[in-house]
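Asks: Dumping the structure here so I can ask a few things about it.
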Amino acid sequence: MDVKQRVEELREKLKKFNHEYYVEDKPSISDAKYDKLMQELIKLESENPELKTQDSPTQRVGGEVSSKFEKVEHDTPMLSLGNVFSEADVRDFDKRIAKAVDNYTYTVELKIDGLSVSIIYQDGYFKRAATRGNGEVGEDITENVKTIKSIPLKIDFEDKLEVRGEIFLSKASFNKLNKTRLENDKDVFKNPRNAAAGTIRQLNPKIVSKRNLDAYIYFGFHNDFKNHYDTLMKLKALGFKINDKTKLCKNIDCVIEFINDIEKIKHDLPYEIDGVVIKVNKKKYYDKIGYTSKFPKWATAYKFPTEEKESRLNSIDFQVGRTGVIKPVAVLEPVDISGSKVSRATLHNEDFIKSRDIRENDYVIVRKAGEIIPEVVEVNFDKRTGNEKKFEMIENCPVCDSEIKRKVGEADYYCLNPNCKAKHLAGLIHFASRPAYNIDGLGEAIITDLYNDGYLEDIADIFKLKNHKEDLVKKERLGKKSVDNLISAIEASKDNNLDKLIFGLGIRYVGAKVAKILAKNFKTLEDLANAKKEELSEIEDIGEAIANSVLDYFHNKDNLELIKELSNLGLNTEYKDTTVYEDTAFTAKTFVLTGSLTDYSRKEAKTIIEDLGGTVTSSVSKNTDYLLVGDSPGSKYDKAKELKIKILNEDDFKKMIDTGE
Ligand code: IVH
């Protein structure tokens, strides 16, 4: 192979690996192999400068240092967005759209907390990137943006194309950057957005290249692009990184559901967001809906409600959760936020504290967002006096003094002692709490008391409290009446549905929603305890981590004893379907699916059955009513025949749906 061919081959390979790694997040080769190919290409290009091209992956390592950024005028102004803050505001926005146009749909996107960029491609080549500036005139940051590996240098698009998006730094890259800065006695960046903005204004692109900036694209301008959602899909096909949470919504209820869903998972995202952006899809409506002087009326930003206050961080405390997880908590000078007194706020984990250089005695910004636990956001460095204490992670459990360990790939430390008192206590409090077994009158304070007095060691003890009635009445905090009430509440709770019990057990990764899925699928605690890995993994929404955690839990001897005891104590261990359905041929019937259907995916068939009042389980047993069989059925078919279960083919199934019989 001649040099030219090899250079081209290397470029293609590196481009492909780049896309896999930075855009799709699915690398197929190791970093070392990637580096080797890159080094080979750099060498060949420097030996044969005539083979260099402007879209070569080697161009990303950072060009010349400049003394300032040139000013550039935007083709169309880069506008900002209007803000809305509540569900009512979102509905008002929708009403305004409905007044102006008919037949519209929305795209909902995450509002990434970074800085906006405009990038122009000409005949497929990356030509120029600019900051927003004042909206009309920005600064040329071409060399810096070229170092962002998720932005393609060459695309398959003949004409001129402008895309706009948000440059940001992931939480992980931010943590790493600040850690190094701290080690080198440099000031830390306050938050990922400041770090990204500071980085993009670096005059040396080589430094920028090392910081791992990233970008999501959220706009594309071309005459052929007539619909915003379709534009994003086209840009994705061209190789741009489009946020995978982006969703097409047919109505405003869908938008509100999206906002609520995102608010719940916002903290688990690997990058920071400050809201959700709602955009009308049809571009031909834009002029009709119109603009104000600053922003379009066909789009808006829903901002998550937050209130921030400054307070003194008196000390850092550690709390042990029921999984043994150790969480750092800020003990604050009490401060009033959104109408409630806040004296404790989460500090998330070691990396969070270290990357933001949060120290005892610092003045910190505390944020409370809706119902969410208050959190420390950043330090007010202007108020540092020199009396602050640098943070060091503890080495032993603050409750039982045993060894603690940070799990590989996780940010949290765990107490390794299975008998740690804090774990047991937190487990009991969780069990009795409202979202779990919901035992009226059995709150944190009483549980702690009863635990310290030796009445409660495990969950089963809760149901034996009635044997200690006299002792309990003697205790000063509990009068006869309240003991009676407590015992009745405990007795009444035994009828709780199975999902509440499963959730209450405190199995790792099994939240209220997963508990419900497990209860619905397995029907009894016994069947769940005997579930095999395949049966668990087959269920939609049950991933590998959950499946393994459930197996681990029920493979533990102590846990098996506990659930046996709970069942003997009279707790309900069966799932009762409480949904009210009109009677159909599906009502209260149990289906199992095998093989592939022609007209429905498995998921669709499952939804139909459930919507009509039936349930779908994963394995055939004597409790199965119907086996729905598609092409190439598995062993379930033989088992169903053996158990004389009624077998339906796809046509029978359709008939059942149509006739209801
Ligand atoms: S659309 C005319 N979409 O938020 C509409 N902006 O407050 C302009 N941002 O300046 C922007 N994620 O820097 C849009 N998915 C998204 C966004 C987004 C973040 C930023 C952007 C913009 C600011 C407006």
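By order of appearance in the structure tokens: chains A, B, ..., then residues from 1 within every chain, and ligands from 1 in the order shown.
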What does the list of residues within 8 Å of ligand 1 look like if you count only C-alpha atoms and all ligand atoms, written as a short mmCIF file (atom, residue, chain, number, x, y, z; two decimals) with N, CA, C and O atoms, in the first residue's frame?
Replies:
```cif
data_model
loop_
_atom_site.label_atom_id
_atom_site.label_comp_id
_atom_site.auth_asym_id
_atom_site.auth_seq_id
_atom_site.Cartn_x
_atom_site.Cartn_y
_atom_site.Cartn_z
N MET A 78 -28.20 35.51 16.85
CA MET A 78 -28.35 34.39 17.79
C MET A 78 -29.20 34.89 18.94
O MET A 78 -28.73 35.63 19.80
N LEU A 79 -30.45 34.46 18.94
CA LEU A 79 -31.39 34.97 19.95
C LEU A 79 -31.28 34.16 21.24
O LEU A 79 -30.68 33.10 21.28
N SER A 80 -31.89 34.71 22.26
CA SER A 80 -31.95 34.01 23.53
C SER A 80 -33.37 33.44 23.69
O SER A 80 -34.17 33.55 22.78
N LEU A 81 -33.65 32.85 24.82
CA LEU A 81 -34.99 32.27 25.02
C LEU A 81 -35.73 32.96 26.15
O LEU A 81 -35.11 33.35 27.14
N GLY A 82 -37.04 33.07 26.01
CA GLY A 82 -37.86 33.52 27.13
C GLY A 82 -37.94 32.39 28.14
O GLY A 82 -37.71 31.23 27.81
N ASN A 83 -38.26 32.72 29.39
CA ASN A 83 -38.31 31.69 30.44
C ASN A 83 -39.72 31.49 30.97
O ASN A 83 -40.48 32.45 31.07
N VAL A 108 -39.10 18.73 22.51
CA VAL A 108 -38.61 19.10 23.84
C VAL A 108 -37.18 18.61 23.98
O VAL A 108 -36.85 17.50 23.57
N GLU A 109 -36.34 19.48 24.51
CA GLU A 109 -34.91 19.18 24.62
C GLU A 109 -34.41 19.58 26.00
O GLU A 109 -35.01 20.40 26.67
N LEU A 110 -33.28 19.02 26.38
CA LEU A 110 -32.67 19.45 27.63
C LEU A 110 -32.01 20.81 27.40
O LEU A 110 -31.49 21.08 26.32
N LYS A 111 -32.06 21.64 28.43
CA LYS A 111 -31.35 22.92 28.34
C LYS A 111 -30.00 22.73 29.01
O LYS A 111 -29.88 22.74 30.24
N ILE A 112 -29.01 22.49 28.18
CA ILE A 112 -27.67 22.18 28.67
C ILE A 112 -27.04 23.46 29.21
O ILE A 112 -27.15 24.52 28.59
N ASP A 113 -26.40 23.36 30.37
CA ASP A 113 -25.84 24.56 30.99
C ASP A 113 -24.39 24.77 30.53
O ASP A 113 -23.45 24.29 31.15
N GLY A 114 -24.25 25.46 29.40
CA GLY A 114 -22.91 25.72 28.87
C GLY A 114 -22.93 27.06 28.16
O GLY A 114 -23.51 28.00 28.67
N LEU A 115 -22.33 27.11 26.96
CA LEU A 115 -22.39 28.36 26.21
C LEU A 115 -22.68 28.04 24.75
O LEU A 115 -22.25 27.00 24.24
N SER A 116 -23.41 28.95 24.08
CA SER A 116 -23.85 28.59 22.75
C SER A 116 -22.78 28.89 21.71
O SER A 116 -21.93 29.77 21.89
N VAL A 117 -22.85 28.14 20.62
CA VAL A 117 -21.87 28.28 19.55
C VAL A 117 -22.58 28.18 18.21
O VAL A 117 -23.60 27.49 18.09
N ARG A 132 -21.75 33.46 20.82
CA ARG A 132 -22.96 34.23 20.62
C ARG A 132 -22.67 35.74 20.68
O ARG A 132 -23.23 36.51 19.91
N GLY A 165 -25.37 25.08 18.74
CA GLY A 165 -25.46 24.12 19.83
C GLY A 165 -24.84 24.67 21.09
O GLY A 165 -24.52 25.86 21.18
N GLU A 166 -24.70 23.80 22.07
CA GLU A 166 -24.20 24.21 23.37
C GLU A 166 -22.90 23.49 23.69
O GLU A 166 -22.84 22.26 23.67
N TYR A 216 -23.48 19.55 22.32
CA TYR A 216 -24.72 19.04 21.73
C TYR A 216 -25.23 20.08 20.75
O TYR A 216 -25.21 21.28 21.04
N ILE A 217 -25.67 19.63 19.58
CA ILE A 217 -26.20 20.54 18.56
C ILE A 217 -27.72 20.59 18.70
O ILE A 217 -28.36 19.54 18.84
N TYR A 218 -28.29 21.80 18.66
CA TYR A 218 -29.74 21.90 18.81
C TYR A 218 -30.44 22.73 17.73
O TYR A 218 -31.62 23.02 17.85
N PHE A 219 -29.70 23.14 16.69
CA PHE A 219 -30.32 23.87 15.57
C PHE A 219 -29.58 23.61 14.28
O PHE A 219 -28.37 23.42 14.30
N ILE A 273 -27.75 20.52 33.61
CA ILE A 273 -28.78 21.19 32.82
C ILE A 273 -29.50 22.17 33.74
O ILE A 273 -29.50 22.00 34.96
N VAL A 276 -35.58 22.83 30.53
CA VAL A 276 -36.02 22.10 29.34
C VAL A 276 -36.42 23.14 28.30
O VAL A 276 -37.04 24.15 28.65
N VAL A 277 -36.04 22.92 27.04
CA VAL A 277 -36.41 23.87 25.98
C VAL A 277 -37.56 23.28 25.17
O VAL A 277 -37.54 22.10 24.82
N LYS A 279 -39.78 23.74 21.70
CA LYS A 279 -39.75 24.45 20.41
C LYS A 279 -40.87 23.94 19.50
O LYS A 279 -41.09 22.73 19.43
N PHE A 295 -36.20 37.46 21.91
CA PHE A 295 -36.32 36.02 21.71
C PHE A 295 -37.52 35.62 20.86
O PHE A 295 -38.46 36.40 20.70
N PRO A 296 -37.49 34.40 20.31
CA PRO A 296 -38.61 33.93 19.50
C PRO A 296 -39.81 33.60 20.38
O PRO A 296 -39.63 33.21 21.53
N ALA A 299 -40.63 29.41 20.83
CA ALA A 299 -39.85 28.51 21.70
C ALA A 299 -39.78 29.16 23.07
O ALA A 299 -39.93 30.38 23.20
N THR A 300 -39.56 28.34 24.08
CA THR A 300 -39.35 28.90 25.42
C THR A 300 -38.53 27.93 26.26
O THR A 300 -38.38 26.76 25.89
N ALA A 301 -38.01 28.44 27.37
CA ALA A 301 -37.24 27.57 28.26
C ALA A 301 -37.98 27.43 29.58
O ALA A 301 -38.33 28.42 30.20
#
```
Asks: Which neighbours of A:Ala98 fall inside 12 Å, counting only C-alpha atoms, when residues of the same chain fewer than 3 positions from it are skipped, and could you give them as a list in words?
Replies: Arg91, Asp92, Phe93, Asp94, Lys95, Val101, Asp102, Asn103, Tyr104, Thr105, Tyr106, Asn251, Ile252, Val280, Tyr285, Lys288, Ile289, Lys297 and Trp298 of chain A
Asks: Residues within 9 Å of A:Asp577, please, as a VMD selection string. Count only C-alpha atoms; anything in the same chain fewer than 5 positions from it doesn't count.
Replies: chain A and resid 497 520 588
Asks: Do a neighbour search on A:Pro435 at 10 Å with only C-alpha atoms, toss out local chain neighbours closer than 2 positions, and write the hits as number ranges by chain.
Replies: A: 430-433, 437-439, 500, 503-504, 511-512
Asks: Considering only C-alpha atoms, can you say which of A:Val366, A:Ile353, A:Val325, A:Ala585 comes closest to A:Tyr413?
Replies: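 Among the listed residues, the smallest separation from A:Tyr413 belongs to A:Val325.
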Asks: Separation of atom CA of A:Tyr414 and atom CA of A:Tyr509, in Å?
Replies: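 Atom CA of A:Tyr509 lies 15.1 Å from atom CA of A:Tyr414.
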Asks: May I ask for the distance between atom CA of A:Asp552 and atom CA of A:Asp461, given in Å to one decimal place?
Replies: 23.1 Å
Asks: Using DSSP on the backbone, list every residue of stretch 156-394 of chain A that comes out as strand (DSSP E), and give them as an MDAnalysis selection string.
Replies: chainID A and resid 161:168 214:221 247:249 273:280 299:303 307:320 325:337 340:346 363:368 375:379
Asks: Write out as number ranges by chain all residues of stretch 406-513 of chain A that backbone DSSP assigns to alpha helix (DSSP H).
Replies: A: 421-432, 444-452, 459-462, 469-474, 480-493, 498-504, 512-513
Asks: Return the single residue from A:Glu143, A:Asp658, A:Asp35, A:Glu45 that is closest to A:Glu64, with distances computed using only C-alpha atoms.
Replies: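 Between A:Glu143, A:Asp658, A:Asp35, A:Glu45, the residue approaching A:Glu64 most closely is A:Glu143.
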Asks: So the first atom is atom CA of A:Tyr125 and the second is atom CA of A:Leu153; what is the distance between them in Å, to one decimal place?
Replies: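 If I compute the distance from atom CA of A:Tyr125 to atom CA of A:Leu153, I get 6.1 Å.
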